[in-house]
Amino acid sequence: MECSLTARDRVGLQDFVLLDAYTSETAFLDNLRKRFHENLIYTYIGTLLVSVNPYKELGIYTKKQMDVYMGVNFFELPPHIFALADNVYRTMISETNNHFILISGESGAGKTEASKKILQFYAVSCPSTRLLDNVRDRLLLSNPVLEAFGNAKTLKNDNSSRFGKYMDIQFDHRGAAVGGHILSYLLEKSRVVHQNHGERNFHVFYQLVEGGEDDLLRWLGLQRSCQNYRCLVKGDCAKVTSINDKNDWKTVRKALSIIEFSESDIEHLFAIIASVLHLGNVQFDANIRGYASLSNSNELHWLSKLLGIQTHVLQEGLTHRKIEAKAEEVLSPFTTEHAIYARDALAKAIYGRTFNWLVNKINESLANKDSSRKTVIGLLDIYGFEVFHVNSFEQFCINYCNEKLQQLFIQLTLKSEQEEYEMEGIEWEPVPYFNNKIICDLVEEKHRGIISVLDEECLRPGEATDLTFLEKLEETLNGHPHFVTHKLADQKTRKTLERGDFRLLHYAGEVTYSVKGFLDKNNDLLYRNIKDVMRQSQNNIIKLCFPKTEPDTKRRPETVATQFKSSLAGLTDILMSKEPWYVRCVKPNSGKQPGRFDDVMVRHQVKYLGLMEHLRVRRAGFAYRRRYEVFLQRYKPLCPDTWPNWKGTAAEGVQRLVKHLGYKPDEYKMGRTKIFIRHPRTLFATEDAFDVCKHQLGTANKTPARLLTFFLILEIKLIETCWRGLMARKEKEKRAWAVKVIKKFIKGFMTRNQPACMDNSEYLAFVRQNYLTRLKDNLPKSILQRNAWLTAPPIMQEVQRSVTKHLGTSQILFRGRKENYPFSVARPFADTRISKKDHPLSYSVPVIKYDRNGFRPRFRQLIFTQVAAYLVEEGKVKQRMEFSSLRGVSVSNLSDNFLILHIACDDVKQKGDLVLQCDYLFEALTRLSVVTNNKNLVKIVQGSVRFDIQPGREGFVDFKSGSESMVYRAKNGHLMVVKKSTVHRT
């Protein structure tokens with residue numbers, strides 16, 4: 001702001017807080033326009049940064065510019081994104097707390113570029129070592145990879161993010177970037193199979209076709225022309241002059257290697273991208289009976305090769321659906337319409353799940369292995385408010401997201417301002433603002449909100465359609481001031497609405513949505529038998545994306561809108577726990593033209609970005625607030641009593657200074673640590689007097705030396721004051737922290753024998769850590785030597801008994817007898833694998849139960865009590881087995897996780913033995929042996945296990961080693977379990 005005071009006449013105001021007519025949109029726009037035409041694209045509103053996209057290179061992001069802004073007071077230099085990044089970083093280091101930067105604006109306003117500039121600044125400004133350089137490179141190169149797979153050309157932006165991204169950058173105590181983590185939100189999967197005219201699919205498809213090496217394309221069965229692939233030309237915009245797909249391909253290819261993707265991962269990843277292109281070219285004809293049949297076997301051949309799935313299995317999955325009829329499964333053929341729907345659903349599912357895999361893989365590469373406390377700076381680059389000619393489900397979700405962020409923005413801004421006023425003892429003057437809670441509730445309210453009505457229509461039986469959804473909305477929301485449809489509108493409004501439209505009055509203005517496709521996109525259903533087909537894939541990434549352990553229940557999964565609503569709630573919780581900073585990006589015109597400032601378009605964005613409201617809140621009656629030390633240091637030459645040295649307190653000096661300057665009582669307020677000045681004109685008059693004073697000091701002595709001395713004194717005093725203030729604050733904080741820790745330690749000691757609570761939790765944690773530290777150097781030679789263990793404190797005794805008891809039992813049962821036992825030792829046993837509040841006296845573990853007839857997998861919970869075991873599905877007991885009737889448990893000697901519970905049953909009506917698969921096999925069987933007090937319960941066998949289907953009928957489970965792990969029903973009717981060996985024999 002100090003810099004803004006001196007530059008105000010030449011290039012407008014650098015801080016809108018100094019705008020005298022701060023309630024005038026016109027004055028706001030005039031200032032923004034004036035600066036834009038001088039290539040000054042950044043302006044502050046306090047610490048909020050307004051950024052206007054210049055659509056040209058300005059040369060303001062060089063290494064030299066970064067050096068200029070490093071470690072400089074926020075208001076000393078002209079506004080810049082580097083200034084904001086540096087201030088956030090230094091505040092985080094000095095206060096050791098977490099921060100986030102919210103980057104918002106509509107598509108094409110420059111959000112993604114702003115995020116990149118902040119990352120680049122941290123890459124240069126943070127401490128550097130070889131290890132840290134690796135982290136820095138991965139953080140930077142995660143951007144082009146995520147852009148390739150998650151960005152696309154839209155009507156408004158050639159590089160539009162079609163997903164939301166939140167990235168945490170983790171810093172250690174020295175301020176070095178040591179890791180990161182990315183969360184992604186709502187990838188626009190529908191773009192994989194459909195693009196509006198003038199838009200493209202995701203960048204990576206075009207990069208692969210245009211830039212991929214000849215050998216790679218041959219191996220993938222692709223031709224070097226986007227025109228050959230239906231899912232790349234639906235927008236009639238495959239070639240874009242502003243996008244160089246060949247160069248971008250090289251960047252992405254290099255980035256994947258540096259982020260530590262293996263060659264195998266990269267090979268399988270490209271195979272998936274190519275398979276989506278081939279899948280888009282799969283066409284169907286209607287046979288004589290009107291059912292779908294494949295018309296191009298060549299595409300099926302390449303799909304089979306790239307996904308590693310047999311051709312006939314793929315063909316059946318794309319043309320038939322499995323229907324359960326009583327105890328049987330029947331194949332029902334698709335019509336061509338259903339086949340096309342299934343094909344597109346599969347393409348979207350493959351791409352969407354692969355994108356999630358990609359984000360997780362990048363997170364593995366960015367993961368920080370050091371468990372010591374870290375501070376973080378979060379970067380939220382999320383889709384801006386969108387209004388197209390036709391707005392669908394995606395725009396509805398995106399605009400709902402912006403409503404939530406606007407609500408959070410106002411809450412946090414009001415909260416921080418009000419807290420400062422209260423802390424300084426200044427009376428808070430309520431600020432009028434539009435509370436958009438009414439719109440958020442319209443979308444997300446339980447039972448009445450649009451999402452609830454949409455979910456209801458998606459899940460109800462009968463012929464639900466997009467139009468029945470619209471009718472239900474009209475019935476539920478009739479009379480709501482922010483909702484209107486053709487049916488509910490007055491005669492004038494009705495002319496602007498189609499019969500399949502509804503219109504919402506958002507905080508940013510009206511948006512009309514077409515309900516066409518809402519139900520399909522919200523359901524996002526994938527036929528279960530197509531999932532089964534994908535689980536047979538030999539492509540390693542597809543195996544992870546369609547896991548065999550994925551619950552395959554008949555219950556529908558959560559809808560897309562509900563998942564998105566939940567993820568937004570999680571994001572809000574993340575942001576509320578951190579200190580906020582804001583970058584508001586503005587798009588100056590719709591044609592991406594340098595130098596053109598469209599007043600109408602910018603005015604609309606100023607409104608929906610909440611800039612005027614933020615300015616009103618920031619002002620709240622006062623244009624300027626500064627700590628007494630800073631204000632006195634700058635302006636003390638204006639008063640004979642304070643120049644050159646003031647002996648009293650800074651507050652008294654400021655009081656003497658403003659009295660000498662003739663400030664009227666209504667022009668300022670004295671807070672506890674700061675002066676608050678109401679009007680910019682008061683501050684400008686003070687600044688003008690300061691300029692005159694500097695000139696007089698220089699000319700009165702006829703020597704530049706005196707002037708130089710004056711400025712040196714100012715600078716030295718400022719540095720001394722800031723340093724003393726910083727040291728005093730740190731010392732005060734250190735003492736307060738020490739007193740707090742000692743009090744808590746004493747309280748913890750006094751309550752150490754009570755159940756764990758807030759008062760003793762940290763003390764008990766200290767006791768545990770202390771014991772484990774001593775134990776590290778005094779471990780017994782064998783875990784079974786119970787008397788050789790150090791005496792544990794009371795809080796650890798039960799754990800010690802449990803460890804020696806259970807690990808000892810586990811060793812007796814399995815050591816040297818089952819291949820994968822050594823790998824289980826490092827995994828601690830848990831008391832239970834479900835919530836204790838659900839079954840306080842039970843051990844429970846998730847299992848997959850295989851039907852005795854047909855071996856169909858079912859997801860279940862296995863629960864042990866003191867007298868019986870229970871097999872449970874969603875709270876319903878499916879089978880009870882008293883331990884007295886348990887004849888034994890069979891497991892193989894291989895590294896699989898199968899167990900067969902043999903149950904004595906004489907009645908033909910009784911259920912037979914249980915065939916189960918359990919990821920926590922050693923833990924579960926150790927618990928079972930302990931609870932039944934039977935160390936001989938478990939039998940380890942080789943080759944095959946016989947089990948009773950029911951009295952008089954038997955079945956078999958065969959076990960063998962193989963190159964890949966598989967579970968299937970063999971031709972002889974046995975269940976075949978093939979497990980990749982974990983032991984290398986010579």
# chains A, B, ... in the order shown; residues from 1 in each chain; ligands from 1

call {"tool": "select_by_dssp", "arguments": {"residues": "region 52-169 of chain A", "states": "strand (DSSP E)", "output": "VMD selection string"}}
result
chain A and resid 52 99 to 104 151 to 152 160 to 161 164 to 169

call {"tool": "write_last_selection", "arguments": {"atoms": "N, CA, C and O atoms", "output": "short mmCIF file (atom, residue, chain, number, x, y, z; two decimals), in the first residue's frame"}}
result
data_model
loop_
_atom_site.label_atom_id
_atom_site.label_comp_id
_atom_site.auth_asym_id
_atom_site.auth_seq_id
_atom_site.Cartn_x
_atom_site.Cartn_y
_atom_site.Cartn_z
N VAL A 52 -5.99 -9.83 -14.20
CA VAL A 52 -6.70 -9.74 -15.49
C VAL A 52 -5.83 -10.39 -16.56
O VAL A 52 -4.66 -10.04 -16.71
N HIS A 99 -1.90 -22.78 5.28
CA HIS A 99 -2.56 -21.76 4.46
C HIS A 99 -3.08 -22.39 3.18
O HIS A 99 -2.65 -23.48 2.79
N PHE A 100 -4.00 -21.69 2.52
CA PHE A 100 -4.39 -22.11 1.17
C PHE A 100 -4.64 -20.87 0.32
O PHE A 100 -4.97 -19.79 0.84
N ILE A 101 -4.41 -21.03 -0.98
CA ILE A 101 -4.65 -19.96 -1.94
C ILE A 101 -5.78 -20.41 -2.85
O ILE A 101 -5.65 -21.41 -3.55
N LEU A 102 -6.88 -19.71 -2.81
CA LEU A 102 -8.04 -20.03 -3.65
C LEU A 102 -7.93 -19.23 -4.95
O LEU A 102 -7.95 -18.00 -4.92
N ILE A 103 -7.79 -19.93 -6.06
CA ILE A 103 -7.67 -19.28 -7.36
C ILE A 103 -8.99 -19.51 -8.09
O ILE A 103 -9.36 -20.64 -8.39
N SER A 104 -9.72 -18.42 -8.37
CA SER A 104 -11.05 -18.58 -8.96
C SER A 104 -11.23 -17.63 -10.13
O SER A 104 -10.48 -16.68 -10.31
N ASN A 151 -7.45 -31.68 -19.10
CA ASN A 151 -7.81 -30.40 -19.72
C ASN A 151 -8.22 -30.61 -21.17
O ASN A 151 -7.84 -31.59 -21.81
N ALA A 152 -8.97 -29.64 -21.71
CA ALA A 152 -9.45 -29.75 -23.09
C ALA A 152 -9.76 -28.36 -23.63
O ALA A 152 -9.92 -27.40 -22.86
N SER A 160 -8.81 -25.55 -21.01
CA SER A 160 -9.75 -25.47 -19.89
C SER A 160 -9.63 -26.70 -19.00
O SER A 160 -9.66 -27.84 -19.48
N SER A 161 -9.49 -26.49 -17.69
CA SER A 161 -9.47 -27.61 -16.75
C SER A 161 -10.86 -28.21 -16.67
O SER A 161 -11.81 -27.52 -16.31
N GLY A 164 -11.59 -30.40 -11.11
CA GLY A 164 -11.11 -29.50 -10.07
C GLY A 164 -9.87 -30.09 -9.42
O GLY A 164 -9.78 -31.31 -9.25
N LYS A 165 -8.93 -29.23 -9.06
CA LYS A 165 -7.68 -29.73 -8.48
C LYS A 165 -7.34 -28.93 -7.22
O LYS A 165 -7.30 -27.71 -7.24
N TYR A 166 -7.09 -29.68 -6.14
CA TYR A 166 -6.57 -29.09 -4.93
C TYR A 166 -5.23 -29.76 -4.63
O TYR A 166 -5.16 -30.98 -4.53
N MET A 167 -4.17 -28.96 -4.52
CA MET A 167 -2.84 -29.51 -4.25
C MET A 167 -2.30 -28.93 -2.95
O MET A 167 -2.27 -27.72 -2.76
N ASP A 168 -1.86 -29.82 -2.06
CA ASP A 168 -1.14 -29.41 -0.86
C ASP A 168 0.35 -29.51 -1.13
O ASP A 168 0.84 -30.57 -1.54
N ILE A 169 1.09 -28.40 -0.91
CA ILE A 169 2.55 -28.43 -0.97
C ILE A 169 3.04 -28.47 0.47
O ILE A 169 2.69 -27.60 1.27
#

call {"tool": "residues_around", "arguments": {"residues": "region 252-262 of chain A", "least_positions_apart": "3", "cutoff": "7 Å", "atoms": "only C-alpha atoms", "output": "number ranges by chain"}}
result
A: 138, 141, 144-145, 248-249, 265-266, 362, 365

call {"tool": "closest_atom_pairs", "arguments": {"of": "region 844-897 of chain A", "to": "region 960-969 of chain A", "cutoff": "9 Å", "atoms": "only C-alpha atoms", "output": "JSON lines"}}
result
{"residue": "A:Gly854", "atom": "CA", "partner": "A:Arg969", "partner_atom": "CA", "distance": 7.5}
{"residue": "A:Phe855", "atom": "CA", "partner": "A:Arg969", "partner_atom": "CA", "distance": 7.0}
{"residue": "A:Leu894", "atom": "CA", "partner": "A:Ser961", "partner_atom": "CA", "distance": 7.3}
{"residue": "A:Ser895", "atom": "CA", "partner": "A:Ser961", "partner_atom": "CA", "distance": 8.6}
{"residue": "A:Asp896", "atom": "CA", "partner": "A:Ser965", "partner_atom": "CA", "distance": 8.6}

call {"tool": "write_last_selection", "arguments": {"atoms": "N, CA, C and O atoms", "output": "PDB file, in the first residue's frame"}}
result
ATOM      1  N   GLY A 854     -21.450 -73.005  -7.594  1.00  0.00           N
ATOM      2  CA  GLY A 854     -21.103 -72.022  -8.619  1.00  0.00           C
ATOM      3  C   GLY A 854     -19.968 -71.101  -8.225  1.00  0.00           C
ATOM      4  O   GLY A 854     -19.414 -70.400  -9.057  1.00  0.00           O
ATOM      5  N   PHE A 855     -19.625 -71.026  -6.914  1.00  0.00           N
ATOM      6  CA  PHE A 855     -18.494 -70.229  -6.432  1.00  0.00           C
ATOM      7  C   PHE A 855     -18.605 -68.745  -6.785  1.00  0.00           C
ATOM      8  O   PHE A 855     -17.618 -68.111  -7.096  1.00  0.00           O
ATOM      9  N   LEU A 894       0.447 -72.154   0.314  1.00  0.00           N
ATOM     10  CA  LEU A 894       0.881 -71.120  -0.636  1.00  0.00           C
ATOM     11  C   LEU A 894       0.570 -69.729  -0.088  1.00  0.00           C
ATOM     12  O   LEU A 894       0.117 -69.584   1.048  1.00  0.00           O
ATOM     13  N   SER A 895       0.780 -68.691  -0.915  1.00  0.00           N
ATOM     14  CA  SER A 895       0.644 -67.311  -0.429  1.00  0.00           C
ATOM     15  C   SER A 895      -0.744 -66.733  -0.685  1.00  0.00           C
ATOM     16  O   SER A 895      -0.915 -65.516  -0.700  1.00  0.00           O
ATOM     17  N   ASP A 896      -1.756 -67.590  -0.925  1.00  0.00           N
ATOM     18  CA  ASP A 896      -3.122 -67.093  -1.103  1.00  0.00           C
ATOM     19  C   ASP A 896      -3.722 -66.748   0.258  1.00  0.00           C
ATOM     20  O   ASP A 896      -3.129 -67.035   1.308  1.00  0.00           O
TER      21      ASP A 896
END

call {"tool": "residues_around", "arguments": {"residues": "region 647-656 of chain A", "least_positions_apart": "5", "cutoff": "12 Å", "atoms": "only C-alpha atoms", "output": "JSON, numbers by chain"}}
result
{"A": [626, 627, 628, 629, 630, 631, 632, 633, 634, 635, 636, 637, 638, 639, 640, 641, 642, 661, 662, 663, 664, 665, 668, 669, 670, 671, 672, 673, 674, 675, 676, 721, 725]}

call {"tool": "residues_around", "arguments": {"residues": "region 545-549 of chain A", "least_positions_apart": "4", "cutoff": "9 Å", "atoms": "only C-alpha atoms", "output": "ChimeraX atom specification"}}
result
/A:350,353-354,356-357,531-532,534-535,537,540-541,848,859

call {"tool": "write_last_selection", "arguments": {"atoms": "C-alpha atoms", "output": "mmCIF file, in the first residue's frame"}}
result
data_model
loop_
_atom_site.group_PDB
_atom_site.id
_atom_site.type_symbol
_atom_site.label_atom_id
_atom_site.label_comp_id
_atom_site.auth_asym_id
_atom_site.auth_seq_id
_atom_site.Cartn_x
_atom_site.Cartn_y
_atom_site.Cartn_z
ATOM 1 C CA ILE A 350 -12.129 -46.741 -18.365
ATOM 2 C CA ARG A 353 -10.866 -44.721 -13.430
ATOM 3 C CA THR A 354 -7.537 -44.409 -15.239
ATOM 4 C CA ASN A 356 -7.988 -41.524 -10.724
ATOM 5 C CA TRP A 357 -5.160 -44.074 -10.969
ATOM 6 C CA LYS A 531 -17.194 -54.933 -15.011
ATOM 7 C CA ASP A 532 -16.677 -58.715 -14.942
ATOM 8 C CA MET A 534 -12.780 -55.776 -17.448
ATOM 9 C CA ARG A 535 -11.649 -57.815 -14.442
ATOM 10 C CA SER A 537 -7.874 -57.799 -18.340
ATOM 11 C CA ASN A 540 -1.937 -53.958 -15.024
ATOM 12 C CA ILE A 541 -3.622 -50.558 -14.722
ATOM 13 C CA ILE A 848 -15.265 -62.593 0.353
ATOM 14 C CA PHE A 859 -18.843 -59.454 0.079
#

call {"tool": "closest_residue", "arguments": {"among": "A:Pro557, A:Pro79, A:Gly973, A:Gly108", "to": "Glu386 (chain A)", "atoms": "only C-alpha atoms"}}
result
A:Gly108

call {"tool": "closest_residue", "arguments": {"among": "A:Leu477, A:Arg618, A:Val658, A:Lys578", "to": "His447 (chain A)", "atoms": "only C-alpha atoms"}}
result
A:Leu477

call {"tool": "residues_around", "arguments": {"residues": "Phe393 (chain A)", "least_positions_apart": "3", "cutoff": "7 Å", "atoms": "only C-alpha atoms", "output": "ChimeraX atom specification"}}
result
/A:396-397,518

call {"tool": "atom_distance", "arguments": {"atom1": "CA of Asp501 (chain A)", "atom2": "CA of Glu471 (chain A)"}}
result
10.7 Å

call {"tool": "closest_residue", "arguments": {"among": "A:Ile426, A:Leu303, A:Ala623, A:Val586", "to": "Tyr55 (chain A)", "atoms": "only C-alpha atoms"}}
result
A:Val586

call {"tool": "atom_distance", "arguments": {"atom1": "CA of Leu544 (chain A)", "atom2": "CA of Phe163 (chain A)"}}
result
21.6 Å

call {"tool": "decode", "arguments": {"residues": "region 546-649 of chain A", "atoms": "C-alpha atoms", "output": "PDB file, in the first residue's frame"}}
result
ATOM      1  CA  PHE A 546     -11.477 -52.775 -11.855  1.00  0.00           C
ATOM      2  CA  PRO A 547     -10.373 -54.778  -8.797  1.00  0.00           C
ATOM      3  CA  LYS A 548     -11.776 -58.212  -8.136  1.00  0.00           C
ATOM      4  CA  THR A 549     -12.305 -57.181  -4.519  1.00  0.00           C
ATOM      5  CA  GLU A 550     -14.642 -54.330  -5.543  1.00  0.00           C
ATOM      6  CA  PRO A 551     -18.001 -54.943  -3.872  1.00  0.00           C
ATOM      7  CA  ASP A 552     -20.397 -56.261  -6.521  1.00  0.00           C
ATOM      8  CA  THR A 553     -23.646 -55.902  -4.628  1.00  0.00           C
ATOM      9  CA  LYS A 554     -27.030 -55.314  -6.169  1.00  0.00           C
ATOM     10  CA  ARG A 555     -27.244 -51.944  -4.436  1.00  0.00           C
ATOM     11  CA  ARG A 556     -26.713 -48.997  -6.716  1.00  0.00           C
ATOM     12  CA  PRO A 557     -23.585 -46.964  -6.067  1.00  0.00           C
ATOM     13  CA  GLU A 558     -23.860 -43.346  -4.952  1.00  0.00           C
ATOM     14  CA  THR A 559     -24.876 -41.029  -7.765  1.00  0.00           C
ATOM     15  CA  VAL A 560     -22.373 -38.614  -9.306  1.00  0.00           C
ATOM     16  CA  ALA A 561     -24.076 -35.518  -7.843  1.00  0.00           C
ATOM     17  CA  THR A 562     -24.151 -36.992  -4.331  1.00  0.00           C
ATOM     18  CA  GLN A 563     -20.495 -38.027  -4.549  1.00  0.00           C
ATOM     19  CA  PHE A 564     -19.618 -34.517  -5.732  1.00  0.00           C
ATOM     20  CA  LYS A 565     -21.664 -32.938  -2.939  1.00  0.00           C
ATOM     21  CA  SER A 566     -19.798 -35.075  -0.372  1.00  0.00           C
ATOM     22  CA  SER A 567     -16.400 -34.247  -1.868  1.00  0.00           C
ATOM     23  CA  LEU A 568     -17.243 -30.518  -1.753  1.00  0.00           C
ATOM     24  CA  ALA A 569     -18.150 -30.863   1.918  1.00  0.00           C
ATOM     25  CA  GLY A 570     -14.750 -32.511   2.478  1.00  0.00           C
ATOM     26  CA  LEU A 571     -13.017 -29.731   0.548  1.00  0.00           C
ATOM     27  CA  THR A 572     -14.802 -27.103   2.644  1.00  0.00           C
ATOM     28  CA  ASP A 573     -13.547 -28.803   5.828  1.00  0.00           C
ATOM     29  CA  ILE A 574      -9.984 -28.765   4.448  1.00  0.00           C
ATOM     30  CA  LEU A 575     -10.168 -25.075   3.580  1.00  0.00           C
ATOM     31  CA  MET A 576     -11.817 -24.051   6.865  1.00  0.00           C
ATOM     32  CA  SER A 577      -8.839 -25.526   8.747  1.00  0.00           C
ATOM     33  CA  LYS A 578      -6.352 -23.244   6.946  1.00  0.00           C
ATOM     34  CA  GLU A 579      -5.675 -19.520   6.612  1.00  0.00           C
ATOM     35  CA  PRO A 580      -7.169 -18.191   3.338  1.00  0.00           C
ATOM     36  CA  TRP A 581      -5.601 -16.109   0.544  1.00  0.00           C
ATOM     37  CA  TYR A 582      -7.308 -15.268  -2.733  1.00  0.00           C
ATOM     38  CA  VAL A 583      -6.465 -14.785  -6.397  1.00  0.00           C
ATOM     39  CA  ARG A 584      -9.491 -13.634  -8.421  1.00  0.00           C
ATOM     40  CA  CYS A 585      -8.878 -14.077 -12.157  1.00  0.00           C
ATOM     41  CA  VAL A 586     -10.758 -11.877 -14.641  1.00  0.00           C
ATOM     42  CA  LYS A 587     -11.286 -12.468 -18.363  1.00  0.00           C
ATOM     43  CA  PRO A 588     -11.142  -9.080 -20.179  1.00  0.00           C
ATOM     44  CA  ASN A 589     -12.894 -10.239 -23.392  1.00  0.00           C
ATOM     45  CA  SER A 590     -14.358 -13.372 -24.999  1.00  0.00           C
ATOM     46  CA  GLY A 591     -12.084 -13.280 -28.081  1.00  0.00           C
ATOM     47  CA  LYS A 592      -8.761 -13.768 -26.208  1.00  0.00           C
ATOM     48  CA  GLN A 593      -7.557 -10.492 -27.748  1.00  0.00           C
ATOM     49  CA  PRO A 594      -4.670  -8.556 -26.148  1.00  0.00           C
ATOM     50  CA  GLY A 595      -5.461  -4.989 -25.109  1.00  0.00           C
ATOM     51  CA  ARG A 596      -9.274  -5.302 -25.378  1.00  0.00           C
ATOM     52  CA  PHE A 597     -11.295  -4.559 -22.236  1.00  0.00           C
ATOM     53  CA  ASP A 598     -14.988  -5.488 -22.509  1.00  0.00           C
ATOM     54  CA  ASP A 599     -16.748  -3.420 -19.831  1.00  0.00           C
ATOM     55  CA  VAL A 600     -19.960  -5.477 -19.808  1.00  0.00           C
ATOM     56  CA  MET A 601     -18.126  -8.797 -19.498  1.00  0.00           C
ATOM     57  CA  VAL A 602     -15.714  -7.540 -16.817  1.00  0.00           C
ATOM     58  CA  ARG A 603     -18.550  -5.884 -14.847  1.00  0.00           C
ATOM     59  CA  HIS A 604     -20.389  -9.239 -14.761  1.00  0.00           C
ATOM     60  CA  GLN A 605     -17.286 -11.014 -13.431  1.00  0.00           C
ATOM     61  CA  VAL A 606     -16.619  -8.311 -10.830  1.00  0.00           C
ATOM     62  CA  LYS A 607     -20.151  -8.980  -9.615  1.00  0.00           C
ATOM     63  CA  TYR A 608     -20.065 -12.771  -9.452  1.00  0.00           C
ATOM     64  CA  LEU A 609     -16.493 -12.950  -8.084  1.00  0.00           C
ATOM     65  CA  GLY A 610     -17.793 -10.930  -5.136  1.00  0.00           C
ATOM     66  CA  LEU A 611     -15.097  -8.256  -5.538  1.00  0.00           C
ATOM     67  CA  MET A 612     -17.310  -5.334  -4.560  1.00  0.00           C
ATOM     68  CA  GLU A 613     -18.564  -7.200  -1.499  1.00  0.00           C
ATOM     69  CA  HIS A 614     -15.006  -8.112  -0.517  1.00  0.00           C
ATOM     70  CA  LEU A 615     -13.988  -4.466  -0.885  1.00  0.00           C
ATOM     71  CA  ARG A 616     -16.900  -3.322   1.282  1.00  0.00           C
ATOM     72  CA  VAL A 617     -16.020  -5.889   3.932  1.00  0.00           C
ATOM     73  CA  ARG A 618     -12.327  -4.977   3.741  1.00  0.00           C
ATOM     74  CA  ARG A 619     -13.100  -1.305   4.161  1.00  0.00           C
ATOM     75  CA  ALA A 620     -15.805  -1.717   6.811  1.00  0.00           C
ATOM     76  CA  GLY A 621     -15.422   1.992   7.397  1.00  0.00           C
ATOM     77  CA  PHE A 622     -11.611   2.170   7.334  1.00  0.00           C
ATOM     78  CA  ALA A 623      -9.407   2.438   4.228  1.00  0.00           C
ATOM     79  CA  TYR A 624      -6.075   1.857   5.967  1.00  0.00           C
ATOM     80  CA  ARG A 625      -4.793   0.011   8.997  1.00  0.00           C
ATOM     81  CA  ARG A 626      -1.135  -0.258  10.028  1.00  0.00           C
ATOM     82  CA  ARG A 627       0.788  -1.232  13.137  1.00  0.00           C
ATOM     83  CA  TYR A 628       1.837   1.794  15.159  1.00  0.00           C
ATOM     84  CA  GLU A 629       5.545   1.055  14.697  1.00  0.00           C
ATOM     85  CA  VAL A 630       5.247   1.011  10.885  1.00  0.00           C
ATOM     86  CA  PHE A 631       3.084   4.151  10.696  1.00  0.00           C
ATOM     87  CA  LEU A 632       5.326   6.096  13.091  1.00  0.00           C
ATOM     88  CA  GLN A 633       8.506   5.030  11.323  1.00  0.00           C
ATOM     89  CA  ARG A 634       7.185   6.262   7.962  1.00  0.00           C
ATOM     90  CA  TYR A 635       5.607   9.565   8.969  1.00  0.00           C
ATOM     91  CA  LYS A 636       7.532  10.735  12.080  1.00  0.00           C
ATOM     92  CA  PRO A 637       9.437  13.481  10.113  1.00  0.00           C
ATOM     93  CA  LEU A 638       6.080  15.310   9.852  1.00  0.00           C
ATOM     94  CA  CYS A 639       6.029  16.195  13.563  1.00  0.00           C
ATOM     95  CA  PRO A 640       8.812  17.982  15.501  1.00  0.00           C
ATOM     96  CA  ASP A 641       7.972  15.947  18.623  1.00  0.00           C
ATOM     97  CA  THR A 642       8.539  12.588  16.892  1.00  0.00           C
ATOM     98  CA  TRP A 643      11.514  13.475  14.654  1.00  0.00           C
ATOM     99  CA  PRO A 644      14.222  12.273  14.573  1.00  0.00           C
ATOM    100  CA  ASN A 645      13.684  10.016  17.622  1.00  0.00           C
ATOM    101  CA  TRP A 646      10.610   9.292  19.724  1.00  0.00           C
ATOM    102  CA  LYS A 647      11.284   8.090  23.268  1.00  0.00           C
ATOM    103  CA  GLY A 648       7.810   6.920  24.255  1.00  0.00           C
ATOM    104  CA  THR A 649       5.656   4.025  23.055  1.00  0.00           C
TER     105      THR A 649
END
